[in-house]
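Report on the following structure.
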Amino acid sequence: MTDIDLTASPRDTILDASARCFMDRGFNATSIDDIASRLGATKGMVYHYFSSKADLFFEIHQIGMDALFKAVEPLSEGTDDAVSKLRAMSAAHVHSLIQTQHYQRAVAEGVQMHLRISTTRAQRAQLTRLQNRRRRYEQMFLEVLEQGIGEGKLRAEQPRIAIKPLFGALNSVINWYQPRRESGPGARDEVVEEVVRVALAGVVVPGKG
């Protein structure tokens, strides 16, 4: 079972297989041979499109972030009150994490690995750009949290610190969610709703959301 989408381009197929390998085995333990084996191809096919495992990681990271921005950014620009906006953004975030789980798991593991090991100057520059993009993404949520504090509907003594455990709760879904455990229509929505409810419990003022 290779999980290959036969309608996808060779490049996208390689990226998807790589993300699944990184999720299953870890970035460090995955070899180009492992990726080729999952594809049912030679590693020459992988090297035709990507010169290194690091290049695969950086593109996977970009795809994961693209998915999150696409799902959440339009909601951040809405005119709803802060509690409604933060809840909608959080739900879209969790849905996107689930839909792109293998990309997001690969990113979470790979970022830590790249921060620990020596990389080339070009790779460090690329990693810095990706980290800056993640900070811009987090900033969207922080601005809504601060808006809600101003409205008296959200609470946090130190919003820049409070946003970290909020993301921690939301992002935890990539580590334990298993699609095969969905018990029927709407099951995924129920999971998302519960994750969001728990994540926001600490910042929503009782009776205000």
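In the structure tokens, each chain is lettered A, B, ... as it comes, each chain's residues begin at 1, and ligands are numbered from 1 in order of appearance.
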**OP:** Identify, with DSSP run on backbone atoms, the residues in range 98-205 of chain A assigned to helix (DSSP H, G or I), and express the list as a ChimeraX atom specification.
**Re:** /A:98-99,101-116,121-151,159-171,173-176,179-181,187-200
Take the residues just selected and output them with C-alpha atoms as a compact mmCIF listing (two decimals), in the first residue's frame.
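Done, and the output landed in part-v3.txt:
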```txt
# COMPACT_ATOMS: atom_id res chain seq x y z
CA ILE A 98 -5.89 16.85 10.20
CA GLN A 99 -6.18 17.11 6.41
CA GLN A 101 -1.37 15.57 9.06
CA HIS A 102 1.59 13.82 7.45
CA TYR A 103 2.97 17.17 6.24
CA GLN A 104 2.50 18.81 9.64
CA ARG A 105 4.08 15.92 11.56
CA ALA A 106 7.04 15.96 9.22
CA VAL A 107 7.44 19.70 9.74
CA ALA A 108 7.22 19.48 13.54
CA GLU A 109 9.89 16.79 13.72
CA GLY A 110 12.07 18.22 10.99
CA VAL A 111 12.25 21.75 12.36
CA GLN A 112 13.64 20.49 15.66
CA MET A 113 16.15 18.34 13.82
CA HIS A 114 17.35 21.22 11.65
CA LEU A 115 17.72 23.47 14.69
CA ARG A 116 20.00 20.88 16.31
CA ARG A 121 24.23 28.66 4.85
CA ALA A 122 21.48 28.36 2.23
CA GLN A 123 19.57 25.88 4.37
CA ARG A 124 19.86 28.11 7.44
CA ALA A 125 18.52 31.03 5.41
CA GLN A 126 15.63 28.91 4.18
CA LEU A 127 14.88 27.72 7.71
CA THR A 128 14.90 31.32 8.94
CA ARG A 129 12.39 32.30 6.25
CA LEU A 130 10.13 29.42 7.20
CA GLN A 131 10.36 30.25 10.90
CA ASN A 132 9.50 33.88 10.14
CA ARG A 133 6.45 32.69 8.24
CA ARG A 134 5.36 30.58 11.21
CA ARG A 135 5.72 33.64 13.43
CA ARG A 136 3.51 35.65 11.05
CA TYR A 137 0.93 32.89 11.26
CA GLU A 138 1.01 32.90 15.06
CA GLN A 139 0.73 36.70 15.00
CA MET A 140 -2.72 36.45 13.36
CA PHE A 141 -4.00 34.54 16.39
CA LEU A 142 -2.21 36.83 18.82
CA GLU A 143 -3.86 39.91 17.32
CA VAL A 144 -7.31 38.36 17.73
CA LEU A 145 -6.50 37.39 21.32
CA GLU A 146 -5.45 40.96 22.06
CA GLN A 147 -8.61 42.25 20.34
CA GLY A 148 -10.70 40.00 22.58
CA ILE A 149 -8.89 41.20 25.69
CA GLY A 150 -9.76 44.74 24.65
CA GLU A 151 -13.40 43.70 24.21
CA PRO A 159 -0.89 37.31 25.59
CA ARG A 160 2.45 36.49 23.92
CA ILE A 161 2.96 33.69 26.42
CA ALA A 162 -0.68 32.56 26.52
CA ILE A 163 -0.75 32.00 22.76
CA LYS A 164 1.93 29.30 23.08
CA PRO A 165 -0.07 26.76 25.17
CA LEU A 166 -3.15 27.59 23.11
CA PHE A 167 -1.27 26.49 19.98
CA GLY A 168 0.13 23.55 21.90
CA ALA A 169 -3.37 22.26 22.58
CA LEU A 170 -4.55 22.83 19.02
CA ASN A 171 -1.44 21.33 17.44
CA VAL A 173 -4.05 16.72 17.19
CA ILE A 174 -1.29 15.84 14.70
CA ASN A 175 0.24 13.46 17.25
CA TRP A 176 -2.79 11.37 18.21
CA PRO A 179 -8.74 8.80 10.73
CA ARG A 180 -9.64 5.13 10.98
CA ARG A 181 -11.22 5.78 14.36
CA ALA A 187 -17.14 12.48 13.70
CA ARG A 188 -14.22 14.62 12.58
CA ASP A 189 -16.17 17.81 13.24
CA GLU A 190 -16.85 16.57 16.77
CA VAL A 191 -13.14 15.99 17.31
CA VAL A 192 -12.30 19.47 16.05
CA GLU A 193 -15.01 21.07 18.20
CA GLU A 194 -13.75 19.36 21.35
CA VAL A 195 -10.09 20.20 20.69
CA VAL A 196 -11.02 23.86 20.12
CA ARG A 197 -13.23 23.94 23.22
CA VAL A 198 -10.41 22.65 25.44
CA ALA A 199 -7.77 24.87 23.82
CA LEU A 200 -9.80 28.07 24.27
```
Subject >> Polymer residues at most 8 Å from Leu56 in chain A, only C-alpha atoms, same-chain spacing of 4 or more positions, as a VMD selection string >> reply: chain A and resid 15 18 50 52 60
Subject >> Gap from CA of Ala36 in chain A to CA of Tyr49 in chain A - Å, one decimal >> reply: 12.3 Å
**OP:** Could you jot down the CA of Gly209 in chain A to CA of Leu68 in chain A separation for me, Å, one decimal place?
**Re:**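 Separating CA of Gly209 in chain A from CA of Leu68 in chain A is a distance of 24.1 Å.
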Original post:
Taking into account only C-alpha atoms, which residue in the set A:Met45, A:Ala54, A:Ala201, A:Met89 is nearest to Ala71 in chain A?
Top reply: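 Looking only at the distances to Ala71 in chain A, the closest residue turns out to be A:Met89.
CA of Val46 in chain A lies 9.0 Å from CA of Pro10 in chain A.
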Original post:
Given the choices A:His95, A:Arg38, A:Arg11, A:Gln158, which gets closest to Asp24 in chain A if the distance is worked out from only C-alpha atoms?
Top reply: A:Arg38
